[in-house]
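Reproduced below: input-v4.txt, with compact mmCIF, C-alpha atoms and all ligand atoms.
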# COMPACT_ATOMS: atom_id res chain seq x y z
CA MET R 1 137.09 159.73 98.36
CA SER R 2 137.59 162.69 100.72
CA GLN R 3 141.18 163.51 101.72
CA PHE R 4 140.02 163.25 105.35
CA SER R 5 138.51 159.76 105.16
CA GLY R 6 139.85 157.30 107.75
CA LYS R 7 142.07 159.93 109.38
CA THR R 8 141.78 161.19 112.96
CA ALA R 9 141.00 164.68 114.29
CA VAL R 10 141.34 165.83 117.90
CA ILE R 11 138.97 168.72 118.64
CA SER R 12 139.25 170.76 121.82
CA GLY R 13 136.08 172.36 123.13
CA GLY R 14 134.21 169.85 120.97
CA ALA R 15 131.27 169.31 123.33
CA GLU R 16 129.16 172.10 121.85
CA GLY R 17 129.14 175.21 119.67
CA ILE R 18 131.70 175.66 116.91
CA GLY R 19 133.81 172.68 118.05
CA LEU R 20 130.87 170.30 117.78
CA SER R 21 129.90 171.77 114.41
CA ILE R 22 133.43 171.08 113.12
CA ALA R 23 133.30 167.58 114.62
CA LYS R 24 130.08 166.80 112.74
CA ALA R 25 131.41 168.17 109.45
CA LEU R 26 134.70 166.23 109.73
CA GLY R 27 132.80 163.13 110.88
CA ASP R 28 130.65 163.44 107.74
CA GLN R 29 133.97 163.25 105.83
CA LYS R 30 134.54 159.89 107.59
CA MET R 31 137.19 161.15 109.96
CA ASN R 32 137.57 159.54 113.38
CA ILE R 33 136.77 162.21 115.96
CA VAL R 34 138.36 162.74 119.37
CA LEU R 35 136.17 165.17 121.30
CA ALA R 36 137.97 166.80 124.23
CA ASP R 37 136.26 169.22 126.58
CA ILE R 38 136.19 170.53 130.15
CA ASP R 39 132.39 170.04 130.37
CA GLN R 40 131.98 166.31 130.88
CA GLU R 41 128.18 166.26 130.78
CA LYS R 42 128.00 168.08 127.43
CA LEU R 43 130.88 165.91 126.21
CA GLN R 44 128.88 162.73 126.77
CA GLU R 45 125.81 164.23 125.06
CA ALA R 46 127.88 165.31 122.04
CA SER R 47 129.61 161.95 121.85
CA LEU R 48 126.24 160.12 121.75
CA GLU R 49 124.99 162.51 119.06
CA LEU R 50 128.01 161.75 116.86
CA LYS R 51 127.76 157.98 117.49
CA ASP R 52 124.06 158.07 116.50
CA ALA R 53 125.14 159.74 113.24
CA GLY R 54 127.49 156.80 112.55
CA ILE R 55 130.70 158.72 113.38
CA SER R 56 133.62 156.96 115.15
CA VAL R 57 134.16 159.00 118.28
CA LEU R 58 136.23 159.02 121.45
CA ALA R 59 135.34 161.48 124.23
CA VAL R 60 138.07 162.59 126.65
CA ALA R 61 137.96 165.11 129.50
CA LEU R 62 140.39 167.98 128.90
CA ASP R 63 141.20 171.37 130.34
CA VAL R 64 143.23 172.83 127.46
CA ALA R 65 145.25 174.94 129.92
CA ASN R 66 146.79 171.73 131.33
CA GLU R 67 149.61 170.24 129.24
CA THR R 68 149.55 166.92 131.11
CA GLN R 69 145.88 166.46 130.24
CA TRP R 70 146.73 167.09 126.56
CA GLN R 71 149.27 164.25 126.76
CA ARG R 72 146.60 161.93 128.13
CA VAL R 73 144.28 162.89 125.26
CA ALA R 74 147.07 162.02 122.81
CA GLU R 75 147.73 158.64 124.47
CA LEU R 76 144.05 157.67 124.47
CA ALA R 77 143.57 158.88 120.89
CA VAL R 78 146.55 156.86 119.61
CA ALA R 79 145.43 153.79 121.62
CA ARG R 80 141.98 154.00 120.00
CA PHE R 81 142.68 155.18 116.44
CA GLY R 82 146.39 154.48 115.89
CA LYS R 83 147.38 157.84 114.38
CA ILE R 84 146.48 161.51 114.77
CA HIS R 85 146.30 163.69 111.65
CA MET R 86 144.59 166.88 112.76
CA VAL R 87 144.25 169.03 115.86
CA VAL R 88 141.47 171.62 116.01
CA ASN R 89 142.38 174.08 118.75
CA ASN R 90 138.89 175.41 119.26
CA ALA R 91 138.25 175.68 123.04
CA GLY R 92 137.96 179.31 124.02
CA VAL R 93 136.37 181.65 126.54
CA GLY R 94 135.11 185.19 126.28
CA GLY R 95 137.11 186.48 129.24
CA ALA R 96 135.74 189.40 131.22
CA SER R 97 135.19 192.63 129.32
CA GLY R 98 135.48 196.17 130.60
CA SER R 99 137.61 199.28 130.73
CA ILE R 100 141.39 199.25 131.22
CA GLU R 101 141.23 200.54 134.78
CA ASN R 102 138.84 197.72 135.73
CA GLU R 103 140.84 194.89 134.18
CA GLN R 104 141.02 191.81 136.42
CA THR R 105 144.38 190.04 136.50
CA LYS R 106 142.77 186.64 137.10
CA SER R 107 140.44 187.13 134.14
CA TRP R 108 143.42 187.93 131.94
CA HIS R 109 145.22 184.77 133.11
CA TRP R 110 142.10 182.69 132.44
CA ALA R 111 141.75 184.05 128.89
CA LEU R 112 145.50 183.69 128.21
CA ASP R 113 145.69 180.15 129.63
CA VAL R 114 142.68 178.84 127.68
CA ASN R 115 142.71 180.86 124.45
CA LEU R 116 146.46 181.07 123.94
CA MET R 117 148.36 178.53 126.07
CA GLY R 118 145.66 175.94 125.25
CA VAL R 119 146.40 176.40 121.56
CA MET R 120 150.15 176.17 122.14
CA TYR R 121 149.86 172.94 124.22
CA GLY R 122 147.54 171.41 121.62
CA ALA R 123 150.13 171.93 118.91
CA LYS R 124 153.12 171.05 121.09
CA VAL R 125 151.62 167.67 122.03
CA MET R 126 149.99 166.76 118.69
CA VAL R 127 152.50 168.01 116.08
CA PRO R 128 155.20 165.42 116.96
CA LEU R 129 152.58 162.66 116.58
CA ILE R 130 151.48 164.05 113.20
CA LYS R 131 155.11 164.31 112.04
CA GLN R 132 155.84 160.76 113.22
CA HIS R 133 153.65 158.92 110.68
CA GLY R 134 154.75 161.07 107.71
CA GLU R 135 151.28 161.18 106.13
CA GLY R 136 150.96 164.93 106.73
CA GLY R 137 148.10 166.63 108.50
CA TRP R 138 146.45 169.81 109.66
CA ILE R 139 146.39 172.27 112.54
CA VAL R 140 143.20 174.33 112.67
CA ASN R 141 143.30 177.13 115.23
CA VAL R 142 140.09 178.94 116.12
CA ALA R 143 140.74 182.67 116.53
CA SER R 144 138.08 185.31 115.77
CA MET R 145 137.47 188.49 113.80
CA ALA R 146 138.73 190.00 117.08
CA GLY R 147 142.11 188.65 115.97
CA MET R 148 141.94 190.83 112.86
CA GLY R 149 141.60 194.17 114.67
CA GLY R 150 141.28 195.48 118.22
CA VAL R 151 137.87 195.37 119.89
CA PRO R 152 137.33 198.16 122.47
CA TYR R 153 136.62 196.98 126.05
CA ASN R 154 137.72 193.43 125.16
CA GLY R 155 141.45 193.66 125.79
CA ALA R 156 142.19 190.13 126.98
CA TYR R 157 140.04 188.39 124.35
CA THR R 158 141.44 190.57 121.55
CA ALA R 159 145.02 189.98 122.72
CA THR R 160 144.61 186.20 122.76
CA LYS R 161 142.87 186.00 119.38
CA THR R 162 145.39 188.31 117.70
CA ALA R 163 148.14 186.10 119.11
CA VAL R 164 146.44 182.99 117.70
CA VAL R 165 146.33 184.54 114.21
CA ALA R 166 150.04 185.44 114.44
CA LEU R 167 150.95 182.00 115.85
CA SER R 168 149.12 180.33 112.98
CA GLU R 169 151.12 182.37 110.45
CA SER R 170 154.32 181.45 112.29
CA TRP R 171 153.46 177.73 112.38
CA ALA R 172 152.34 177.73 108.71
CA GLY R 173 155.88 178.85 107.78
CA GLU R 174 157.47 176.31 110.12
CA LEU R 175 155.36 173.29 109.12
CA HIS R 176 154.92 173.85 105.38
CA SER R 177 157.87 171.64 104.47
CA LYS R 178 156.65 168.90 106.87
CA GLY R 179 153.38 168.43 105.00
CA ILE R 180 151.32 169.89 107.85
CA LYS R 181 148.91 172.62 106.79
CA VAL R 182 147.93 175.33 109.25
CA SER R 183 144.65 177.24 109.12
CA VAL R 184 143.14 179.88 111.36
CA LEU R 185 139.38 180.26 111.59
CA CYS R 186 138.25 183.86 112.18
CA PRO R 187 134.49 184.01 112.68
CA ALA R 188 132.44 187.05 113.58
CA PHE R 189 129.26 186.28 115.52
CA VAL R 190 128.03 182.68 115.57
CA LYS R 191 125.03 181.48 117.55
CA THR R 192 126.64 179.55 120.44
CA ARG R 193 126.94 179.91 124.23
CA ILE R 194 130.24 181.85 124.05
CA TYR R 195 128.54 184.77 125.88
CA ALA R 196 128.05 182.38 128.85
CA SER R 197 131.72 181.32 129.06
CA GLU R 198 131.69 182.06 132.78
CA ARG R 199 130.18 178.58 133.22
CA ASN R 200 133.63 177.18 132.40
CA ARG R 201 135.74 179.48 134.62
CA PRO R 202 137.71 177.24 137.05
CA ALA R 203 137.96 178.22 140.72
CA GLN R 204 141.56 179.47 140.54
CA TYR R 205 140.54 182.20 138.07
CA GLN R 206 137.49 183.42 140.00
CA THR R 207 137.46 187.11 140.88
CA ASP R 208 135.08 188.99 143.16
CA ASN R 209 133.41 190.68 140.22
CA ALA R 210 134.07 188.37 137.27
CA ASN R 211 130.66 189.06 135.81
CA VAL R 212 130.89 192.81 136.01
CA THR R 213 130.99 194.57 132.68
CA ASP R 214 131.40 198.34 132.65
CA LYS R 215 131.11 198.87 128.93
CA PRO R 216 129.30 202.20 128.61
CA LYS R 217 125.66 201.76 127.59
CA ALA R 218 126.30 198.26 126.28
CA PRO R 219 125.05 195.77 128.87
CA ASN R 220 124.62 192.29 127.39
CA LYS R 221 125.40 193.60 123.92
CA THR R 222 127.64 190.64 123.16
CA LYS R 223 124.86 188.18 124.04
CA GLY R 224 122.48 189.91 121.62
CA MET R 225 125.05 189.97 118.82
CA VAL R 226 125.93 186.29 119.31
CA GLU R 227 122.24 185.35 119.32
CA ASN R 228 121.86 187.22 116.00
CA GLY R 229 124.92 185.45 114.62
CA ILE R 230 125.05 182.87 111.85
CA ASP R 231 123.83 179.35 112.51
CA VAL R 232 126.60 177.26 114.04
CA SER R 233 125.96 174.34 111.67
CA ILE R 234 127.37 176.43 108.78
CA VAL R 235 130.76 176.85 110.44
CA GLY R 236 131.92 173.21 110.38
CA LYS R 237 130.93 172.83 106.73
CA ARG R 238 132.73 176.08 105.90
CA VAL R 239 135.89 174.76 107.61
CA VAL R 240 135.82 171.59 105.48
CA GLU R 241 135.26 173.69 102.34
CA ALA R 242 138.21 175.97 103.19
CA LEU R 243 140.52 173.08 104.17
CA ASN R 244 139.81 171.53 100.78
CA GLN R 245 140.96 174.82 99.23
CA GLY R 246 144.13 174.83 101.40
CA GLU R 247 143.24 178.16 103.05
CA LEU R 248 145.42 179.69 105.76
CA TYR R 249 142.76 182.22 106.82
CA ILE R 250 139.22 180.85 107.07
CA PHE R 251 136.49 183.47 107.13
CA THR R 252 132.80 182.88 107.79
CA HIS R 253 131.56 186.47 107.46
CA PRO R 254 132.41 188.02 104.05
CA ASN R 255 130.51 191.14 105.15
CA TYR R 256 133.41 191.92 107.56
CA ARG R 257 135.88 192.28 104.67
CA ALA R 258 135.59 196.08 104.76
CA VAL R 259 136.74 196.15 108.41
CA VAL R 260 139.97 194.34 107.55
CA GLN R 261 140.46 196.45 104.41
CA GLN R 262 140.16 199.66 106.46
CA ARG R 263 142.80 198.39 108.87
CA PHE R 264 145.19 197.48 106.04
CA GLU R 265 144.61 200.88 104.40
CA ALA R 266 145.44 202.65 107.70
CA ILE R 267 148.61 200.57 108.08
CA ASP R 268 149.59 201.16 104.45
CA ALA R 269 149.04 204.92 104.83
CA ALA R 270 151.24 204.92 107.95
CA PHE R 271 154.01 203.14 105.98
CA GLU R 272 153.70 205.78 103.27
CA ARG R 273 154.23 208.55 105.85
CA ALA R 274 157.29 206.67 107.18
CA ALA R 275 158.57 206.38 103.58
CA GLN R 276 158.26 210.15 103.22
CA SER R 277 160.06 210.92 106.50
CA PRO R 278 163.46 212.67 106.04
CA LEU R 279 164.70 210.60 109.01
CA LEU R 280 164.27 207.29 107.14
CA GLN R 281 165.35 207.97 103.56
CA HIS R 282 168.56 205.88 103.95
CA ILE R 283 166.56 202.63 104.44
CA VAL R 284 163.54 203.17 102.17
CA ASN R 285 164.94 200.79 99.52
CA GLN R 286 167.15 198.64 101.74
CA LYS R 287 167.03 194.85 101.18
CA LEU R 288 164.91 193.04 103.81
CA ASP R 289 166.53 190.90 106.48
CA MET R 290 163.92 188.22 107.18
CA LEU R 291 164.20 184.87 108.92
N1 LIG G 1 130.47 182.22 118.85
C1 LIG G 1 131.09 183.25 118.32
O1 LIG G 1 130.45 184.27 117.96
C2 LIG G 1 132.58 183.22 118.12
C3 LIG G 1 133.16 184.20 117.32
C4 LIG G 1 134.53 184.19 117.12
C5 LIG G 1 135.30 183.20 117.68
N2 LIG G 1 134.71 182.25 118.47
C6 LIG G 1 135.60 181.24 119.05
O2 LIG G 1 135.12 179.95 118.75
C7 LIG G 1 135.59 179.01 119.74
C8 LIG G 1 134.45 178.15 120.21
O3 LIG G 1 133.51 178.98 120.89
P1 LIG G 1 131.94 178.80 120.79
O4 LIG G 1 131.39 180.03 120.22
O5 LIG G 1 131.60 177.48 120.21
O6 LIG G 1 131.60 178.84 122.36
P2 LIG G 1 130.90 177.79 123.33
O7 LIG G 1 130.97 178.42 124.66
O8 LIG G 1 129.56 177.42 122.77
O9 LIG G 1 131.83 176.51 123.26
C9 LIG G 1 133.10 176.50 123.85
C10 LIG G 1 133.48 175.06 124.20
O10 LIG G 1 134.78 175.09 124.80
C11 LIG G 1 134.74 174.36 126.03
N3 LIG G 1 135.76 174.88 126.95
C12 LIG G 1 135.77 176.06 127.64
N4 LIG G 1 136.88 176.14 128.40
C13 LIG G 1 137.59 175.00 128.17
C14 LIG G 1 138.84 174.50 128.66
N5 LIG G 1 139.57 175.19 129.58
N6 LIG G 1 139.27 173.32 128.21
C15 LIG G 1 138.54 172.59 127.33
N7 LIG G 1 137.34 173.00 126.85
C16 LIG G 1 136.89 174.20 127.26
C17 LIG G 1 133.31 174.55 126.53
O11 LIG G 1 132.93 173.57 127.48
C18 LIG G 1 132.53 174.46 125.23
O12 LIG G 1 132.22 173.13 124.89
C19 LIG G 1 136.25 179.86 120.83
O13 LIG G 1 137.65 179.83 120.68
C20 LIG G 1 135.70 181.26 120.55
O14 LIG G 1 136.56 182.27 121.03
C21 LIG G 1 133.38 182.24 118.70

Would you mind writing the file out in structure tokens?
Amino acid sequence: MSQFSGKTAVISGGAEGIGLSIAKALGDQKMNIVLADIDQEKLQEASLELKDAGISVLAVALDVANETQWQRVAELAVARFGKIHMVVNNAGVGGASGSIENEQTKSWHWALDVNLMGVMYGAKVMVPLIKQHGEGGWIVNVASMAGMGGVPYNGAYTATKTAVVALSESWAGELHSKGIKVSVLCPAFVKTRIYASERNRPAQYQTDNANVTDKPKAPNKTKGMVENGIDVSIVGKRVVEALNQGELYIFTHPNYRAVVQQRFEAIDAAFERAAQSPLLQHIVNQKLDML
């Protein structure tokens, strides 16, 4: 029997794309699925699709940037399924891209509120409920390869995804002894509608030129790359595979390994130069003070 069988997962942004793919894969493992999404129409469609596949599902409206709405999701999930074992913090938006001098403050707040605060609220509300029953559980945060190295002209998105990787590492250390495993999914391009995130931008984050991109010679490049991405159905199955292996970092694009290796080599080389600096010889071999 699968370790997931009969347990309950709450999945934000579960109405389509990567969230729905994860919902299907966990549902195939006989998990109860709570789909939570800002797009109510897509949410109903996704919920019917899962029900038709014989998966126990509850659909709840949620804007991940709203902590009170997260609490309502938790209440409804517990009322329906009794316990919560997993939260998949998947909802995310592309945020506006462009050069530094054209950054839009409202676009930054939108990306930060959804991609970062949404992840924090998801954990803050669900972790106490997972701890409560003592059966252990999982937090799966959806970051990106953009969280593994800076992407030019994508400041806000890169900042949020890098933060989600770091948060996941922080929570893994905090929750290890509580029997809650933390994983962070870092995909490169996957065929979804992420390039059309503007459809989910609430009124308070609207700017006069939210759709303007001033990337030099790269109009609609992201759309093309996403459309050439891997099939979304692979991602959910890959998440189940990696959770069964107890992975902290979940990758979907082994061909991006060289990018991360280059970054680590650059960091390592910079440490070597620091180790050679006459200014720092007194601490080269000093014992580490770590929390
Ligand atoms: N597709 C890719 O190439 C790719 C690559 C790396 C990371 N990701 C990440 O994967 C996650 C899922 O994206 P996707 O590619 O499936 O995109 P998508 O646009 O197809 O799906 C995103 C889902 O999140 C929902 N959503 C948006 N704002 C929300 C909010 N405020 N509250 C609740 N739900 C909200 C949308 O309605 C939608 O159902 C995101 O975090 C994204 O950053 C995607």

Sorted by chain and rising residue number, list the residues of chain R at most 8 Å from ligand LIG 1 (chain G) (counting only C-alpha atoms and all ligand atoms), each with its closest atom pair and distance in Å to one decimal, as JSON lines.
{"residue": "R:Ser12", "atom": "CA", "partner": "G:LIG1", "partner_atom": "N7", "distance": 5.8}
{"residue": "R:Gly13", "atom": "CA", "partner": "G:LIG1", "partner_atom": "O10", "distance": 3.5}
{"residue": "R:Gly14", "atom": "CA", "partner": "G:LIG1", "partner_atom": "O12", "distance": 5.5}
{"residue": "R:Ala15", "atom": "CA", "partner": "G:LIG1", "partner_atom": "O12", "distance": 4.2}
{"residue": "R:Glu16", "atom": "CA", "partner": "G:LIG1", "partner_atom": "O12", "distance": 4.4}
{"residue": "R:Gly17", "atom": "CA", "partner": "G:LIG1", "partner_atom": "O5", "distance": 3.4}
{"residue": "R:Ile18", "atom": "CA", "partner": "G:LIG1", "partner_atom": "O5", "distance": 3.8}
{"residue": "R:Gly19", "atom": "CA", "partner": "G:LIG1", "partner_atom": "O5", "distance": 5.7}
{"residue": "R:Leu20", "atom": "CA", "partner": "G:LIG1", "partner_atom": "O5", "distance": 7.6}
{"residue": "R:Ala36", "atom": "CA", "partner": "G:LIG1", "partner_atom": "C15", "distance": 6.6}
{"residue": "R:Asp37", "atom": "CA", "partner": "G:LIG1", "partner_atom": "N7", "distance": 3.9}
{"residue": "R:Ile38", "atom": "CA", "partner": "G:LIG1", "partner_atom": "C15", "distance": 4.2}
{"residue": "R:Asp39", "atom": "CA", "partner": "G:LIG1", "partner_atom": "O11", "distance": 4.6}
{"residue": "R:Lys42", "atom": "CA", "partner": "G:LIG1", "partner_atom": "O12", "distance": 7.1}
{"residue": "R:Leu43", "atom": "CA", "partner": "G:LIG1", "partner_atom": "O12", "distance": 7.5}
{"residue": "R:Ala61", "atom": "CA", "partner": "G:LIG1", "partner_atom": "C15", "distance": 7.8}
{"residue": "R:Leu62", "atom": "CA", "partner": "G:LIG1", "partner_atom": "C15", "distance": 5.2}
{"residue": "R:Asp63", "atom": "CA", "partner": "G:LIG1", "partner_atom": "N6", "distance": 3.5}
{"residue": "R:Val64", "atom": "CA", "partner": "G:LIG1", "partner_atom": "N6", "distance": 4.1}
{"residue": "R:Ala65", "atom": "CA", "partner": "G:LIG1", "partner_atom": "N5", "distance": 5.7}
{"residue": "R:Asn89", "atom": "CA", "partner": "G:LIG1", "partner_atom": "O13", "distance": 7.7}
{"residue": "R:Asn90", "atom": "CA", "partner": "G:LIG1", "partner_atom": "O13", "distance": 4.8}
{"residue": "R:Ala91", "atom": "CA", "partner": "G:LIG1", "partner_atom": "O10", "distance": 3.9}
{"residue": "R:Gly92", "atom": "CA", "partner": "G:LIG1", "partner_atom": "O13", "distance": 3.4}
{"residue": "R:Val93", "atom": "CA", "partner": "G:LIG1", "partner_atom": "O14", "distance": 5.5}
{"residue": "R:Gly94", "atom": "CA", "partner": "G:LIG1", "partner_atom": "O14", "distance": 6.2}
{"residue": "R:Asp113", "atom": "CA", "partner": "G:LIG1", "partner_atom": "N5", "distance": 7.9}
{"residue": "R:Val114", "atom": "CA", "partner": "G:LIG1", "partner_atom": "N5", "distance": 5.2}
{"residue": "R:Asn115", "atom": "CA", "partner": "G:LIG1", "partner_atom": "O13", "distance": 6.4}
{"residue": "R:Gly118", "atom": "CA", "partner": "G:LIG1", "partner_atom": "N5", "distance": 7.5}
{"residue": "R:Val142", "atom": "CA", "partner": "G:LIG1", "partner_atom": "O13", "distance": 5.2}
{"residue": "R:Ala143", "atom": "CA", "partner": "G:LIG1", "partner_atom": "C5", "distance": 5.6}
{"residue": "R:Ser144", "atom": "CA", "partner": "G:LIG1", "partner_atom": "C4", "distance": 4.0}
{"residue": "R:Met145", "atom": "CA", "partner": "G:LIG1", "partner_atom": "C4", "distance": 6.2}
{"residue": "R:Ala146", "atom": "CA", "partner": "G:LIG1", "partner_atom": "C4", "distance": 7.2}
{"residue": "R:Tyr157", "atom": "CA", "partner": "G:LIG1", "partner_atom": "O14", "distance": 7.8}
{"residue": "R:Lys161", "atom": "CA", "partner": "G:LIG1", "partner_atom": "O14", "distance": 7.5}
{"residue": "R:Leu185", "atom": "CA", "partner": "G:LIG1", "partner_atom": "C5", "distance": 7.9}
{"residue": "R:Cys186", "atom": "CA", "partner": "G:LIG1", "partner_atom": "C4", "distance": 6.2}
{"residue": "R:Pro187", "atom": "CA", "partner": "G:LIG1", "partner_atom": "C4", "distance": 4.4}
{"residue": "R:Ala188", "atom": "CA", "partner": "G:LIG1", "partner_atom": "C3", "distance": 4.8}
{"residue": "R:Phe189", "atom": "CA", "partner": "G:LIG1", "partner_atom": "O1", "distance": 3.4}
{"residue": "R:Val190", "atom": "CA", "partner": "G:LIG1", "partner_atom": "O1", "distance": 3.8}
{"residue": "R:Lys191", "atom": "CA", "partner": "G:LIG1", "partner_atom": "N1", "distance": 5.6}
{"residue": "R:Thr192", "atom": "CA", "partner": "G:LIG1", "partner_atom": "O8", "distance": 4.3}
{"residue": "R:Arg193", "atom": "CA", "partner": "G:LIG1", "partner_atom": "O8", "distance": 3.9}
{"residue": "R:Ile194", "atom": "CA", "partner": "G:LIG1", "partner_atom": "O7", "distance": 3.6}
{"residue": "R:Tyr195", "atom": "CA", "partner": "G:LIG1", "partner_atom": "O7", "distance": 6.9}
{"residue": "R:Ala196", "atom": "CA", "partner": "G:LIG1", "partner_atom": "O7", "distance": 6.5}
{"residue": "R:Ser197", "atom": "CA", "partner": "G:LIG1", "partner_atom": "O7", "distance": 5.3}
{"residue": "R:Asn200", "atom": "CA", "partner": "G:LIG1", "partner_atom": "N4", "distance": 5.3}
{"residue": "R:Arg201", "atom": "CA", "partner": "G:LIG1", "partner_atom": "N4", "distance": 7.2}
{"residue": "R:Pro202", "atom": "CA", "partner": "G:LIG1", "partner_atom": "N5", "distance": 8.0}
{"residue": "R:Met225", "atom": "CA", "partner": "G:LIG1", "partner_atom": "O1", "distance": 7.9}
{"residue": "R:Val226", "atom": "CA", "partner": "G:LIG1", "partner_atom": "O1", "distance": 5.1}
{"residue": "R:Gly229", "atom": "CA", "partner": "G:LIG1", "partner_atom": "O1", "distance": 6.6}
{"residue": "R:Val232", "atom": "CA", "partner": "G:LIG1", "partner_atom": "N1", "distance": 7.9}

(message) Please determine, counting all atoms listed in the file, which residue among R:His109, R:Lys131, R:Arg199, R:Lys221 has the shortest atom-to-atom distance to R:Ser177.
(response) R:Lys131

Size and centre in Å, one decimal, axis-aligned box, all listed stretch 11-22 of chain R atoms plus 4 Å per side, as lines of an AutoDock Vina configuration file:
center_x = 134.2
center_y = 172.2
center_z = 118.2
size_x = 18.1
size_y = 14.9
size_z = 18.2

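One finds atom CA of R:Gly179 at 4.6 Å from atom CA of R:Gly136.
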
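Proximity to R:Ile84 was assessed for R:Leu243, R:Leu48, R:Val260, R:Val34 counting all atoms listed in the file; the smallest distance is recorded for R:Val34.
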
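Taking atom CA of R:Leu116 as the reference point, atom CA of R:Ala270 is found at 29.1 Å.
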
(request) Calculate how many Å separate atom CA of R:Phe81 from atom CA of R:Asn32, rounding to one decimal. (result) 7.4 Å

(request) Give me the residues within 10 Å of R:Val73 as a list in words, counting only C-alpha atoms and dropping any in the same chain fewer than 4 places off. (result) Val10, Ser12, Val34, Leu35, Ala36, Leu58, Ala59, Val60, Ala61, Leu62, Glu67, Thr68, Gln69, Ala77, Val78, Ala79, Gly122, Val125 and Met126 of chain R

(request) Choose the residue, out of R:Leu167, R:Arg80, R:Glu135, R:Met86, that has the smallest atom-to-atom separation from R:Val119; count only C-alpha atoms. (result)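 Closest residue, counting only C-alpha atoms: R:Leu167.
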
(message) Set the distance at 7 Å and use all atoms listed in the file: which residues neighbour R:Ser107 once local chain neighbours fewer than 5 positions away are removed? I'd like the list as a count of residues only.
(response) 3

(request) Go through R:Lys106, R:Lys30, R:Lys237, R:Arg273 and flag the residue nearest R:Thr207, using all atoms listed in the file for the distances. (result) R:Lys106

(request) Measuring atom to atom with only C-alpha atoms, identify which of R:Val259, R:Trp110, R:Asp28, R:Ala9 is nearest to R:Gly150. (result)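 Closest to R:Gly150, using only C-alpha atoms: R:Val259.
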
(request) Between R:Met120, R:Ala111, R:Val165, R:Val284, single out the one closest to R:Gln206, counting all atoms listed in the file. (result) R:Ala111

Your completed stretch 130-141 of chain R with N, CA, C and O atoms, as an mmCIF file, in the frame of the given file:
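Saved result, part-v2.cif, follows:
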data_model
loop_
_atom_site.group_PDB
_atom_site.id
_atom_site.type_symbol
_atom_site.label_atom_id
_atom_site.label_comp_id
_atom_site.auth_asym_id
_atom_site.auth_seq_id
_atom_site.Cartn_x
_atom_site.Cartn_y
_atom_site.Cartn_z
ATOM 1 N N ILE R 130 151.845 163.916 114.622
ATOM 2 C CA ILE R 130 151.480 164.050 113.200
ATOM 3 C C ILE R 130 152.735 163.863 112.339
ATOM 4 O O ILE R 130 152.707 163.186 111.311
ATOM 5 N N LYS R 131 153.849 164.445 112.803
ATOM 6 C CA LYS R 131 155.110 164.310 112.040
ATOM 7 C C LYS R 131 155.546 162.845 111.962
ATOM 8 O O LYS R 131 156.038 162.398 110.924
ATOM 9 N N GLN R 132 155.339 162.124 113.076
ATOM 10 C CA GLN R 132 155.840 160.760 113.220
ATOM 11 C C GLN R 132 155.410 159.819 112.088
ATOM 12 O O GLN R 132 156.214 159.052 111.575
ATOM 13 N N HIS R 133 154.113 159.917 111.654
ATOM 14 C CA HIS R 133 153.650 158.920 110.680
ATOM 15 C C HIS R 133 153.932 159.362 109.231
ATOM 16 O O HIS R 133 153.781 158.577 108.300
ATOM 17 N N GLY R 134 154.326 160.634 109.049
ATOM 18 C CA GLY R 134 154.750 161.070 107.710
ATOM 19 C C GLY R 134 153.643 161.204 106.678
ATOM 20 O O GLY R 134 153.923 161.414 105.502
ATOM 21 N N GLU R 135 152.393 161.076 107.104
ATOM 22 C CA GLU R 135 151.280 161.180 106.130
ATOM 23 C C GLU R 135 150.790 162.624 105.998
ATOM 24 O O GLU R 135 149.857 162.889 105.252
ATOM 25 N N GLY R 136 151.399 163.529 106.746
ATOM 26 C CA GLY R 136 150.960 164.930 106.730
ATOM 27 C C GLY R 136 149.729 165.139 107.594
ATOM 28 O O GLY R 136 149.215 164.183 108.197
ATOM 29 N N GLY R 137 149.266 166.366 107.660
ATOM 30 C CA GLY R 137 148.100 166.630 108.500
ATOM 31 C C GLY R 137 147.757 168.105 108.549
ATOM 32 O O GLY R 137 148.177 168.882 107.683
ATOM 33 N N TRP R 138 146.990 168.461 109.568
ATOM 34 C CA TRP R 138 146.450 169.810 109.660
ATOM 35 C C TRP R 138 146.459 170.291 111.125
ATOM 36 O O TRP R 138 146.204 169.519 112.050
ATOM 37 N N ILE R 139 146.697 171.585 111.272
ATOM 38 C CA ILE R 139 146.390 172.270 112.540
ATOM 39 C C ILE R 139 145.346 173.318 112.181
ATOM 40 O O ILE R 139 145.562 174.121 111.253
ATOM 41 N N VAL R 140 144.222 173.299 112.879
ATOM 42 C CA VAL R 140 143.200 174.330 112.670
ATOM 43 C C VAL R 140 143.037 175.071 113.998
ATOM 44 O O VAL R 140 142.601 174.490 114.997
ATOM 45 N N ASN R 141 143.438 176.330 114.016
ATOM 46 C CA ASN R 141 143.300 177.130 115.230
ATOM 47 C C ASN R 141 142.061 178.024 115.102
ATOM 48 O O ASN R 141 141.840 178.636 114.056
#
